[in-house]
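A.B. asks: Below is the file model.txt, with compact mmCIF, C-alpha atoms.
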```
# COMPACT_ATOMS: atom_id res chain seq x y z
CA MET A 28 -44.98 -2.14 -40.47
CA ASN A 29 -46.29 -5.65 -40.88
CA PRO A 30 -49.55 -5.51 -42.84
CA ILE A 31 -51.01 -8.35 -40.86
CA ALA A 32 -52.90 -7.43 -37.75
CA ARG A 33 -52.37 -10.30 -35.38
CA CYS A 34 -54.99 -11.47 -32.97
CA GLY A 35 -54.00 -11.65 -29.34
CA GLY A 36 -55.21 -13.58 -26.36
CA ARG A 37 -54.76 -16.67 -24.27
CA GLU A 38 -55.06 -18.91 -27.33
CA GLN A 39 -51.61 -17.72 -28.43
CA TRP A 40 -50.08 -18.91 -25.17
CA VAL A 41 -51.86 -22.25 -25.49
CA GLY A 42 -50.71 -22.62 -29.10
CA MET A 43 -47.14 -21.82 -28.10
CA LEU A 44 -47.33 -24.33 -25.25
CA GLY A 45 -48.59 -26.97 -27.67
CA PHE A 46 -45.86 -26.29 -30.21
CA PHE A 47 -42.98 -26.52 -27.76
CA ALA A 48 -44.48 -29.54 -26.02
CA LEU A 49 -44.95 -31.49 -29.26
CA PHE A 50 -41.72 -30.66 -31.08
CA PRO A 51 -38.76 -29.41 -29.01
CA GLY A 52 -40.32 -31.22 -26.04
CA PHE A 53 -40.32 -34.49 -27.99
CA PHE A 54 -36.66 -34.00 -28.94
CA PHE A 55 -35.53 -33.26 -25.39
CA TYR A 56 -37.60 -36.07 -23.86
CA HIS A 57 -36.10 -38.68 -26.17
CA THR A 58 -32.62 -37.25 -25.63
CA ALA A 59 -33.02 -37.73 -21.88
CA LEU A 60 -34.50 -41.19 -22.53
CA GLY A 61 -31.66 -42.20 -24.83
CA LEU A 62 -29.03 -41.01 -22.38
CA GLY A 63 -30.62 -43.00 -19.56
CA LYS A 64 -31.53 -39.90 -17.55
CA ILE A 65 -35.21 -40.84 -17.29
CA PRO A 66 -37.35 -43.93 -17.84
CA ALA A 67 -40.05 -43.95 -20.52
CA VAL A 68 -42.60 -42.34 -18.21
CA LEU A 69 -44.58 -41.12 -21.24
CA GLY A 70 -43.89 -44.09 -23.51
CA GLY A 71 -43.06 -42.82 -26.98
CA TYR A 72 -44.18 -39.34 -25.84
CA PHE A 73 -46.04 -38.01 -28.89
CA ALA A 74 -49.28 -40.01 -28.56
CA PRO A 75 -49.86 -39.50 -24.80
CA VAL A 76 -48.89 -35.81 -24.95
CA SER A 77 -51.19 -35.32 -27.94
CA LEU A 78 -54.04 -36.94 -26.02
CA LEU A 79 -53.39 -34.60 -23.09
CA LEU A 80 -53.19 -31.51 -25.30
CA LEU A 81 -56.17 -32.19 -27.57
CA PRO A 82 -58.96 -31.16 -25.11
CA LEU A 83 -57.06 -28.01 -24.12
CA LEU A 84 -56.32 -27.00 -27.71
CA PHE A 85 -59.88 -27.71 -28.83
CA PHE A 86 -61.35 -25.75 -25.90
CA PHE A 87 -59.36 -22.60 -26.68
CA TYR A 88 -59.86 -22.91 -30.43
CA ALA A 89 -63.63 -23.30 -29.97
CA GLY A 90 -63.62 -20.37 -27.55
CA LYS A 91 -61.89 -18.18 -30.10
CA VAL A 92 -64.41 -19.19 -32.76
CA ARG A 93 -67.31 -18.32 -30.41
CA GLN A 94 -65.69 -14.97 -29.70
CA ASP A 95 -64.98 -14.20 -33.37
CA ARG A 96 -66.96 -16.12 -35.99
CA ASN A 97 -64.57 -14.95 -38.71
CA TYR A 98 -61.82 -16.97 -37.03
CA LEU A 99 -63.34 -20.13 -38.54
CA GLY A 100 -62.13 -19.61 -42.10
CA LYS A 101 -62.76 -21.54 -45.28
CA THR A 102 -59.39 -23.23 -44.89
CA ASP A 103 -60.35 -24.46 -41.43
CA VAL A 104 -63.62 -25.85 -42.74
CA ALA A 105 -61.93 -27.60 -45.67
CA PHE A 106 -59.39 -29.20 -43.36
CA PHE A 107 -62.05 -30.38 -40.90
CA LEU A 108 -64.11 -31.81 -43.76
CA TYR A 109 -61.07 -33.75 -44.96
CA LEU A 110 -60.47 -35.18 -41.49
CA ALA A 111 -64.16 -36.05 -41.19
CA TYR A 112 -64.07 -37.86 -44.54
CA PHE A 113 -60.92 -39.71 -43.53
CA ALA A 114 -62.43 -40.66 -40.16
CA LEU A 115 -65.56 -41.94 -41.93
CA ILE A 116 -63.44 -44.19 -44.18
CA VAL A 117 -61.53 -45.50 -41.17
CA GLY A 118 -64.74 -46.12 -39.21
CA ILE A 119 -66.47 -47.98 -42.02
CA ASN A 120 -63.48 -50.22 -42.61
CA ALA A 121 -62.94 -50.80 -38.89
CA ILE A 122 -66.52 -52.09 -38.64
CA ALA A 123 -65.87 -54.28 -41.69
CA GLY A 124 -62.91 -55.90 -39.89
CA ALA A 125 -59.87 -54.03 -41.20
CA LYS A 126 -56.50 -54.67 -39.53
CA LEU A 127 -56.56 -53.16 -36.08
CA ALA A 128 -52.96 -51.90 -36.24
CA ILE A 129 -53.66 -49.87 -39.40
CA VAL A 130 -56.95 -48.51 -38.02
CA THR A 131 -55.16 -47.45 -34.84
CA ASN A 132 -52.37 -45.77 -36.80
CA HIS A 133 -54.89 -43.85 -38.88
CA LEU A 134 -56.83 -42.67 -35.83
CA LEU A 135 -53.59 -41.48 -34.26
CA GLY A 136 -52.70 -39.77 -37.55
CA ILE A 137 -56.01 -37.88 -37.50
CA MET A 138 -55.38 -36.76 -33.92
CA PHE A 139 -51.81 -35.68 -34.69
CA MET A 140 -52.85 -33.64 -37.75
CA LEU A 141 -55.67 -32.02 -35.77
CA ASN A 142 -53.39 -31.15 -32.86
CA VAL A 143 -50.74 -29.66 -35.12
CA PHE A 144 -53.43 -27.65 -36.91
CA PHE A 145 -54.65 -26.19 -33.61
CA VAL A 146 -51.07 -25.44 -32.52
CA PHE A 147 -50.15 -23.56 -35.69
CA ARG A 148 -53.56 -21.90 -35.94
CA MET A 149 -53.43 -20.37 -32.46
CA SER A 150 -49.73 -19.66 -31.97
CA ALA A 151 -47.98 -16.55 -33.26
CA PRO A 152 -44.51 -17.49 -34.57
CA GLY A 153 -43.80 -13.87 -35.44
CA GLU A 154 -44.07 -12.74 -31.82
CA ARG A 155 -40.76 -12.00 -30.10
CA ARG A 156 -41.19 -14.51 -27.26
CA PHE A 157 -42.04 -17.30 -29.69
CA ARG A 158 -39.08 -16.51 -31.95
CA LEU A 159 -36.62 -16.40 -29.05
CA MET A 160 -37.86 -19.72 -27.69
CA ALA A 161 -37.70 -21.29 -31.16
CA LEU A 162 -34.15 -20.04 -31.71
CA GLY A 163 -33.09 -21.24 -28.28
CA SER A 164 -34.64 -24.67 -28.89
CA LEU A 165 -32.96 -24.91 -32.28
CA LEU A 166 -29.55 -24.13 -30.83
CA ALA A 167 -30.05 -26.64 -28.00
CA MET A 168 -31.15 -29.40 -30.40
CA SER A 169 -28.16 -28.77 -32.66
CA ALA A 170 -25.81 -28.85 -29.67
CA ILE A 171 -27.23 -32.24 -28.63
CA VAL A 172 -26.83 -33.66 -32.14
CA PHE A 173 -23.20 -32.50 -32.40
CA ALA A 174 -22.33 -33.58 -28.85
CA TYR A 175 -23.64 -37.15 -29.17
CA ALA A 176 -22.89 -37.92 -32.81
CA VAL A 177 -20.78 -41.03 -33.36
CA ASP A 178 -18.84 -41.45 -36.61
CA GLY A 179 -20.72 -38.59 -38.22
CA ALA A 180 -24.21 -39.82 -37.34
CA PHE A 181 -26.58 -39.03 -34.47
CA TYR A 182 -28.60 -41.88 -33.03
CA LEU A 183 -28.80 -42.55 -29.31
CA ALA A 184 -29.79 -46.23 -29.38
CA PRO A 185 -26.25 -47.58 -30.06
CA LEU A 186 -25.01 -45.85 -26.90
CA GLY A 187 -26.90 -48.49 -24.92
CA ASN A 188 -27.83 -46.11 -22.09
CA ALA A 189 -31.61 -46.07 -22.55
CA ARG A 190 -33.57 -47.81 -19.79
CA ASN A 191 -36.42 -48.47 -22.22
CA PRO A 192 -34.79 -48.73 -25.67
CA GLU A 193 -38.02 -49.98 -27.25
CA SER A 194 -39.57 -46.55 -26.59
CA LEU A 195 -36.68 -44.53 -28.03
CA ALA A 196 -37.52 -42.50 -31.13
CA SER A 197 -35.82 -43.19 -34.44
CA TYR A 198 -33.92 -40.54 -36.37
CA GLN A 199 -37.18 -39.61 -38.14
CA GLY A 200 -38.72 -38.43 -34.88
CA PHE A 201 -35.73 -36.27 -34.00
CA SER A 202 -35.53 -34.81 -37.50
CA ARG A 203 -39.27 -34.05 -37.59
CA SER A 204 -39.01 -32.00 -34.40
CA TYR A 205 -35.98 -30.17 -35.75
CA LEU A 206 -37.57 -29.40 -39.14
CA PHE A 207 -40.75 -27.98 -37.59
CA THR A 208 -38.74 -25.75 -35.25
CA PHE A 209 -36.41 -24.63 -38.02
CA ALA A 210 -39.35 -23.77 -40.28
CA VAL A 211 -40.98 -21.36 -37.83
CA ALA A 212 -37.62 -19.88 -36.79
CA ILE A 213 -36.27 -19.19 -40.29
CA ALA A 214 -39.56 -17.92 -41.73
CA CYS A 215 -39.87 -15.24 -39.06
CA THR A 216 -36.22 -14.14 -39.13
CA ARG A 217 -35.91 -10.93 -41.14
CA ALA A 218 -32.14 -10.42 -40.91
CA LEU A 219 -30.12 -12.14 -43.63
CA SER A 220 -27.11 -12.08 -41.31
CA LEU A 221 -29.01 -14.41 -38.97
CA ARG A 222 -30.79 -16.56 -41.57
CA VAL A 223 -27.51 -17.61 -43.24
CA PRO A 224 -25.91 -19.08 -40.08
CA LEU A 225 -29.24 -20.66 -39.11
CA SER A 226 -29.47 -22.36 -42.48
CA CYS A 227 -25.89 -23.61 -42.25
CA LEU A 228 -26.54 -24.88 -38.73
CA ALA A 229 -29.70 -26.68 -39.82
CA ALA A 230 -27.99 -28.26 -42.82
CA SER A 231 -25.17 -29.58 -40.62
CA THR A 232 -27.56 -30.83 -37.93
CA LEU A 233 -29.93 -32.66 -40.26
CA PHE A 234 -27.01 -34.14 -42.16
CA ILE A 235 -25.58 -35.62 -38.97
CA ASN A 236 -29.07 -36.71 -37.96
CA THR A 237 -29.09 -38.81 -41.19
CA ALA A 238 -32.61 -37.70 -42.13
CA ARG A 239 -32.69 -37.61 -45.93
CA SER A 240 -36.25 -36.40 -46.45
CA GLU A 241 -36.04 -33.64 -43.85
CA PHE A 242 -32.60 -32.64 -45.11
CA ALA A 243 -33.93 -32.31 -48.66
CA ALA A 244 -37.01 -30.40 -47.42
CA MET A 245 -34.80 -27.97 -45.52
CA LEU A 246 -32.61 -27.36 -48.59
CA PHE A 247 -35.74 -26.85 -50.69
CA MET A 248 -37.11 -24.35 -48.18
CA ILE A 249 -34.05 -22.09 -48.03
CA PRO A 250 -34.12 -20.64 -51.59
CA ILE A 251 -37.89 -20.15 -51.36
CA ILE A 252 -37.42 -18.01 -48.26
CA GLU A 253 -34.33 -16.15 -49.48
CA LEU A 254 -35.91 -15.26 -52.84
CA TYR A 255 -38.96 -13.99 -50.97
CA PHE A 256 -37.16 -11.71 -48.53
CA THR A 257 -34.73 -10.17 -51.00
CA ARG A 258 -35.77 -7.16 -53.06
CA HIS A 259 -33.26 -8.11 -55.74
CA LYS A 260 -34.63 -11.47 -56.81
CA VAL A 261 -32.59 -11.80 -60.00
CA LEU A 262 -29.38 -11.12 -58.11
CA MET A 263 -30.32 -13.59 -55.36
CA ALA A 264 -31.26 -16.25 -57.92
CA THR A 265 -27.87 -15.70 -59.60
CA VAL A 266 -26.06 -16.07 -56.27
CA LEU A 267 -27.95 -19.25 -55.41
CA LEU A 268 -27.27 -20.72 -58.85
CA PHE A 269 -23.58 -19.84 -58.50
CA LEU A 270 -23.43 -21.61 -55.13
CA VAL A 271 -25.06 -24.71 -56.59
CA LEU A 272 -22.61 -24.77 -59.50
CA MET A 273 -19.65 -24.28 -57.15
CA ILE A 274 -20.81 -27.15 -54.94
CA TYR A 275 -21.38 -29.39 -57.96
CA SER A 276 -17.98 -28.63 -59.48
CA ASN A 277 -16.22 -29.37 -56.17
CA LEU A 278 -18.48 -32.23 -55.12
CA ALA A 279 -15.72 -34.84 -54.90
CA GLN A 280 -13.62 -32.71 -52.55
CA ILE A 281 -16.65 -31.83 -50.42
CA LEU A 282 -17.70 -35.48 -50.11
CA SER A 283 -14.20 -36.53 -49.09
CA ALA A 284 -14.37 -34.07 -46.18
CA LEU A 285 -17.80 -35.23 -45.00
CA PRO A 286 -18.44 -38.19 -42.74
CA SER A 287 -20.19 -41.05 -44.50
CA ASN A 288 -23.86 -41.47 -43.67
CA ARG A 289 -27.16 -42.30 -45.36
CA VAL A 290 -27.91 -38.68 -46.39
CA LEU A 291 -25.28 -39.09 -49.12
CA GLU A 292 -27.53 -41.72 -50.71
CA LEU A 293 -29.51 -38.77 -52.10
CA LEU A 294 -26.76 -38.41 -54.69
CA ASP A 295 -27.40 -41.92 -56.01
CA LEU A 296 -30.68 -43.48 -54.90
CA SER A 297 -30.04 -46.60 -57.00
CA HIS A 298 -27.72 -47.82 -54.24
CA SER A 299 -30.15 -46.97 -51.43
CA THR A 300 -31.88 -49.95 -49.84
CA SER A 301 -34.58 -47.68 -48.44
CA ALA A 302 -35.21 -46.03 -51.82
CA ASN A 303 -35.49 -49.42 -53.52
CA THR A 304 -37.96 -50.59 -50.88
CA ARG A 305 -40.03 -47.47 -51.37
CA HIS A 306 -40.03 -48.06 -55.11
CA HIS A 307 -41.45 -51.56 -54.61
CA LEU A 308 -44.07 -50.24 -52.18
CA SER A 309 -45.11 -47.59 -54.72
CA THR A 310 -45.40 -50.28 -57.40
CA TYR A 311 -47.59 -52.32 -55.04
CA ALA A 312 -49.76 -49.23 -54.42
CA LEU A 313 -50.15 -48.64 -58.18
CA ASN A 314 -51.28 -52.25 -58.60
CA SER A 315 -53.86 -51.79 -55.83
CA ILE A 316 -55.09 -48.58 -57.44
CA ALA A 317 -55.36 -50.30 -60.84
CA GLN A 318 -57.57 -53.00 -59.30
CA PHE A 319 -59.65 -50.63 -57.15
CA PRO A 320 -59.42 -47.21 -58.86
CA VAL A 321 -62.44 -45.53 -57.24
CA PHE A 322 -62.65 -46.67 -53.63
CA GLY A 323 -59.10 -47.90 -53.12
CA ASP A 324 -58.23 -51.00 -51.11
CA TYR A 325 -58.08 -49.96 -47.47
CA ALA A 326 -55.47 -51.73 -45.30
CA SER A 327 -54.58 -54.17 -48.08
CA TYR A 328 -50.96 -54.18 -46.95
CA SER A 329 -49.16 -55.33 -43.82
CA PRO A 330 -48.79 -52.72 -41.06
CA GLY A 331 -45.91 -50.41 -41.92
CA MET A 332 -45.70 -51.58 -45.54
CA TYR A 333 -47.51 -48.58 -47.02
CA SER A 334 -46.50 -46.48 -49.99
CA HIS A 335 -44.25 -43.65 -48.79
CA ASN A 336 -45.92 -40.98 -50.91
CA VAL A 337 -49.32 -39.50 -51.66
CA LEU A 338 -50.40 -42.68 -53.50
CA SER A 339 -51.04 -44.05 -50.01
CA ALA A 340 -54.04 -41.70 -49.84
CA TRP A 341 -55.53 -43.28 -52.96
CA VAL A 342 -55.02 -46.81 -51.62
CA ASP A 343 -56.65 -46.11 -48.26
CA THR A 344 -59.23 -43.42 -49.04
CA GLY A 345 -59.95 -43.84 -52.74
CA ILE A 346 -59.62 -41.34 -55.56
CA PHE A 347 -61.78 -38.80 -53.74
CA GLY A 348 -59.51 -38.83 -50.69
CA PHE A 349 -56.44 -38.56 -52.94
CA LEU A 350 -57.86 -35.52 -54.75
CA PHE A 351 -59.15 -34.07 -51.48
CA VAL A 352 -55.75 -34.03 -49.75
CA LEU A 353 -54.01 -32.60 -52.82
CA GLY A 354 -56.79 -30.05 -53.30
CA ILE A 355 -56.68 -28.60 -49.79
CA LEU A 356 -52.92 -28.06 -50.22
CA ILE A 357 -52.62 -26.86 -53.81
CA VAL A 358 -55.80 -24.77 -54.13
CA PRO A 359 -54.68 -22.34 -51.37
CA ALA A 360 -51.07 -22.34 -52.60
CA VAL A 361 -51.79 -20.92 -56.06
CA PRO A 362 -53.47 -17.65 -55.00
CA LEU A 363 -51.07 -17.48 -52.05
CA PHE A 364 -48.16 -17.37 -54.48
CA PHE A 365 -49.59 -14.78 -56.87
CA LYS A 366 -50.99 -12.47 -54.18
CA GLY A 367 -48.19 -12.60 -51.67
CA TYR A 368 -44.85 -13.83 -52.96
CA PHE A 369 -44.09 -10.70 -54.98
CA ALA A 370 -45.83 -8.22 -52.69
CA ARG A 371 -43.89 -5.16 -51.58
CA GLU A 372 -44.48 -5.82 -47.89
CA ARG A 373 -42.67 -8.82 -46.39
CA SER A 374 -44.55 -11.05 -43.99
CA GLY A 375 -43.21 -13.92 -41.88
CA GLU A 376 -46.74 -15.33 -41.67
CA PHE A 377 -47.00 -15.46 -45.45
CA ILE A 378 -43.67 -17.13 -46.13
CA LEU A 379 -44.21 -19.62 -43.30
CA ALA A 380 -47.49 -20.71 -44.92
CA PHE A 381 -46.11 -20.81 -48.44
CA SER A 382 -42.83 -22.57 -47.62
CA LEU A 383 -44.64 -25.15 -45.46
CA CYS A 384 -46.98 -25.81 -48.37
CA CYS A 385 -44.03 -26.29 -50.75
CA ILE A 386 -42.16 -28.76 -48.55
CA THR A 387 -45.37 -30.61 -47.68
CA VAL A 388 -46.15 -31.21 -51.35
CA LEU A 389 -42.51 -32.18 -52.00
CA LEU A 390 -42.48 -34.74 -49.19
CA LEU A 391 -45.89 -36.15 -50.11
CA ILE A 392 -44.67 -36.71 -53.66
CA THR A 393 -41.38 -38.29 -52.66
CA SER A 394 -41.41 -39.93 -49.24
CA HIS A 395 -44.07 -39.11 -46.64
CA TYR A 396 -47.36 -40.81 -45.81
CA PHE A 397 -50.63 -38.98 -46.38
CA THR A 398 -51.21 -38.50 -42.63
CA ASP A 399 -48.12 -36.28 -42.43
CA MET A 400 -48.46 -33.66 -39.70
CA LEU A 401 -47.09 -31.04 -42.09
CA ILE A 402 -50.54 -31.05 -43.72
CA GLY A 403 -52.11 -29.72 -40.53
CA ALA A 404 -49.32 -27.16 -40.09
CA THR A 405 -49.67 -25.92 -43.68
CA MET A 406 -53.43 -25.52 -43.50
CA ALA A 407 -53.25 -23.70 -40.17
CA ALA A 408 -50.45 -21.38 -41.31
CA PHE A 409 -52.38 -20.44 -44.44
CA SER A 410 -55.59 -19.87 -42.44
CA SER A 411 -53.76 -17.68 -39.90
CA TYR A 412 -52.22 -15.59 -42.66
CA ARG A 413 -55.56 -15.15 -44.43
CA TYR A 414 -57.36 -14.31 -41.20
CA GLY A 415 -54.74 -11.73 -40.29
CA MET A 416 -55.01 -10.12 -43.72
CA THR A 417 -58.79 -9.92 -43.80
CA HIS A 418 -60.42 -10.01 -40.38
CA ALA A 419 -58.10 -9.38 -37.46
CA HIS A 420 -59.12 -6.27 -35.50
CA HIS A 421 -61.94 -5.72 -38.04
CA ARG A 422 -59.39 -4.72 -40.62
CA THR A 423 -60.47 -4.02 -44.22
CA SER A 424 -59.52 -6.90 -46.48
CA ASP A 425 -56.32 -6.49 -48.47
CA ILE A 426 -57.46 -9.19 -50.87
CA GLY A 427 -60.83 -7.84 -51.91
CA PRO A 428 -61.61 -4.66 -53.87
CA SER A 429 -60.38 -1.35 -52.50
CA ALA A 430 -62.69 1.15 -50.86
CA PRO A 431 -64.47 3.64 -53.18
CA ARG A 432 -62.56 6.90 -53.77
CA HIS A 433 -64.08 10.37 -53.73
CA PRO A 434 -62.63 13.49 -55.31
CA HIS A 435 -63.57 15.63 -52.29
CA LEU A 436 -63.67 14.99 -48.57
CA ARG A 437 -67.27 16.21 -48.32
CA GLN A 438 -68.43 13.44 -50.67
CA ALA A 439 -66.79 10.76 -48.54
CA MET A 440 -67.96 12.37 -45.27
CA PRO A 441 -71.10 14.40 -45.93
CA GLY A 442 -71.19 15.77 -42.40
CA ALA A 443 -67.59 16.93 -42.32
CA GLY A 444 -67.08 20.58 -41.46
CA THR A 445 -70.68 21.26 -40.27
CA ALA A 446 -71.17 22.98 -36.96
CA ARG A 447 -72.03 20.79 -33.97
CA ILE A 448 -74.46 21.96 -31.30
```
Could I get this structure in the form of structure tokens?
C.D. replies:
Amino acid sequence: MNPIARCGGREQWVGMLGFFALFPGFFFYHTALGLGKIPAVLGGYFAPVSLLLLPLLFFFYAGKVRQDRNYLGKTDVAFFLYLAYFALIVGINAIAGAKLAIVTNHLLGIMFMLNVFFVFRMSAPGERRFRLMALGSLLAMSAIVFAYAVDGAFYLAPLGNARNPESLASYQGFSRSYLFTFAVAIACTRALSLRVPLSCLAASTLFINTARSEFAAMLFMIPIIELYFTRHKVLMATVLLFLVLMIYSNLAQILSALPSNRVLELLDLSHSTSANTRHHLSTYALNSIAQFPVFGDYASYSPGMYSHNVLSAWVDTGIFGFLFVLGILIVPAVPLFFKGYFARERSGEFILAFSLCCITVLLLITSHYFTDMLIGATMAAFSSYRYGMTHAHHRTSDIGPSAPRHPHLRQAMPGAGTARI
């Protein structure tokens, strides 16, 4: 039996609606747009849909908090404080005349992180209906990628069918939707016989989708999940190491059988134009930090020319913002690892939170901006796991001290056995 007592209610349906609207919905909308089936009725989709969802998500989240004050956990509060701090920085600099494009992007980033937090906080990925819909969406997205790939790469713009090509998402948008859906599907799949084909399918799909960061995050996530679910961790670690060594020893033959695309640049980033650009942007960020080490240098770069790692937080929000974003991710992860990763009971909620935290930190270190939506997903997943372990259905906390023991029943229940009139 799962040790986590899940909360039920309409908020789960709303969270599920939000998840499938923001991620699989984004993928399918842009597929239809790229194939010329529909015009860009919702523009780039994510911003207008987020604006439509935000009041609904906030209403149901606030209603749940009013119904159960314990629902508002410390993780929720820490995340909201971070967003408030970030919004304050943006507001002050907007008044001071910062570049409008960067201010707008940051405000959208705040909204996206908040929406994703609400979605993951209220939905229940472990529920059967959610898992079936996630698996179905994953299979449909993979089928689309394989069906419309050209020369081993999936990108709909070169097909020339889109009525509004300027609104068509890049490969990053497609890969983001796929990674989020894969994460919730794989974390809540108990059967190894299903996780293995899902992992192989995801690796093939993200490879063809040419998304290097998401491909690396997915590969990083798989051993974390497999080592968690197995009861023979040494054996599983040996098997994984053997697979890595086999792939490495036969790398030349494997590469000759694969179509050439930008994912292969991960093997030698010195020849990657994108990696070299990111290196220069990181150097520029370090120079900005050296000149303004405490408060940073908000919007000191051209729109889009930001450092593609967590140093971007230091540039835009100062050292406090940099430490804040790392703190809200790492501080929960440490006790999460020691209290849950080696526990006897297996929990999809736990491994979803922990694996999301791992890939979020990885991507923030290597390639993603500090407004990454994975931050909101990680914080919400951890808060949901902690709430389920400690408060759902007024359950006694599994984290705190155990209840006092008594040698005899009469000491624990003084009235037991007495006659009732």
A.B. asks: Could you list, as number ranges by chain, every residue within 9 Å of A:Phe207, counting only C-alpha atoms and ignoring same-chain residues fewer than 6 positions away?
C.D. replies: A: 50-51, 401, 404
A.B. asks: Mind checking which residues fall within 10 Å of A:Leu225, counting all atoms listed in the file, ignoring those fewer than 4 positions away in the same chain, and posting them as a CSV table (one decimal) with C-alpha atoms, in the coordinates of the input?
C.D. replies:
```
chain,number,residue,atom,x,y,z
A,162,LEU,CA,-34.2,-20.0,-31.7
A,165,LEU,CA,-33.0,-24.9,-32.3
A,166,LEU,CA,-29.6,-24.1,-30.8
A,209,PHE,CA,-36.4,-24.6,-38.0
A,212,ALA,CA,-37.6,-19.9,-36.8
A,213,ILE,CA,-36.3,-19.2,-40.3
A,216,THR,CA,-36.2,-14.1,-39.1
A,219,LEU,CA,-30.1,-12.1,-43.6
A,220,SER,CA,-27.1,-12.1,-41.3
A,221,LEU,CA,-29.0,-14.4,-39.0
A,229,ALA,CA,-29.7,-26.7,-39.8
A,230,ALA,CA,-28.0,-28.3,-42.8
A,231,SER,CA,-25.2,-29.6,-40.6
```
A.B. asks: Would you mind listing, for every residue of stretch 216-328 of chain A within 12 Å of stretch 116-129 of chain A, the two atoms forming the shortest contact and the distance between them in Å to one decimal, using only C-alpha atoms, sorted by chain and ascending residue number, as a Markdown table?
C.D. replies:
```
| residue | atom | partner | partner_atom | distance |
| --- | --- | --- | --- | --- |
| A:Phe322 | CA | A:Ile116 | CA | 9.8 |
| A:Gly323 | CA | A:Ile116 | CA | 10.6 |
| A:Asp324 | CA | A:Asn120 | CA | 10.0 |
| A:Tyr325 | CA | A:Asn120 | CA | 7.3 |
| A:Ala326 | CA | A:Ala125 | CA | 6.4 |
| A:Ser327 | CA | A:Ala125 | CA | 8.7 |
| A:Tyr328 | CA | A:Ile129 | CA | 9.1 |
```
A.B. asks: So which one's closest to A:Tyr98, A:Met263, A:Leu338, A:Ala59, A:Met149? Using only C-alpha atoms, please.
C.D. replies: A:Met149
A.B. asks: Can you measure atom CA of A:Phe139 to atom CA of A:Met400 for me? One decimal in Å is fine.
C.D. replies: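 If I compute the distance from atom CA of A:Phe139 to atom CA of A:Met400, I get 6.4 Å.
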A.B. asks: Please provide the set of residues having any atom within 12 Å of A:Glu292, restricted to all atoms listed in the file, with same-chain residues fewer than 4 positions apart removed, written as a PyMOL selection string.
C.D. replies: chain A and resi 234+237-240+242-243+282+287-288+296-303
A.B. asks: Interatomic distance between atom CA of A:Ala170 and atom CA of A:Gly187?
C.D. replies: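 About the pair atom CA of A:Ala170 and atom CA of A:Gly187: they are 20.2 Å apart.
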A.B. asks: Contacts of stretch 257-262 of chain A at 12 Å or less, counting all atoms listed in the file, minus same-chain residues fewer than 2 places along, as a PyMOL selection string?
C.D. replies: chain A and resi 217-219+250-255+264-269+368-373
A.B. asks: Counting only C-alpha atoms, figure out which residue out of A:Leu350, A:Phe73, A:Ala360, A:Phe256 gets nearest to A:Arg222.
C.D. replies: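 The answer is A:Phe256, which sits nearest to A:Arg222.
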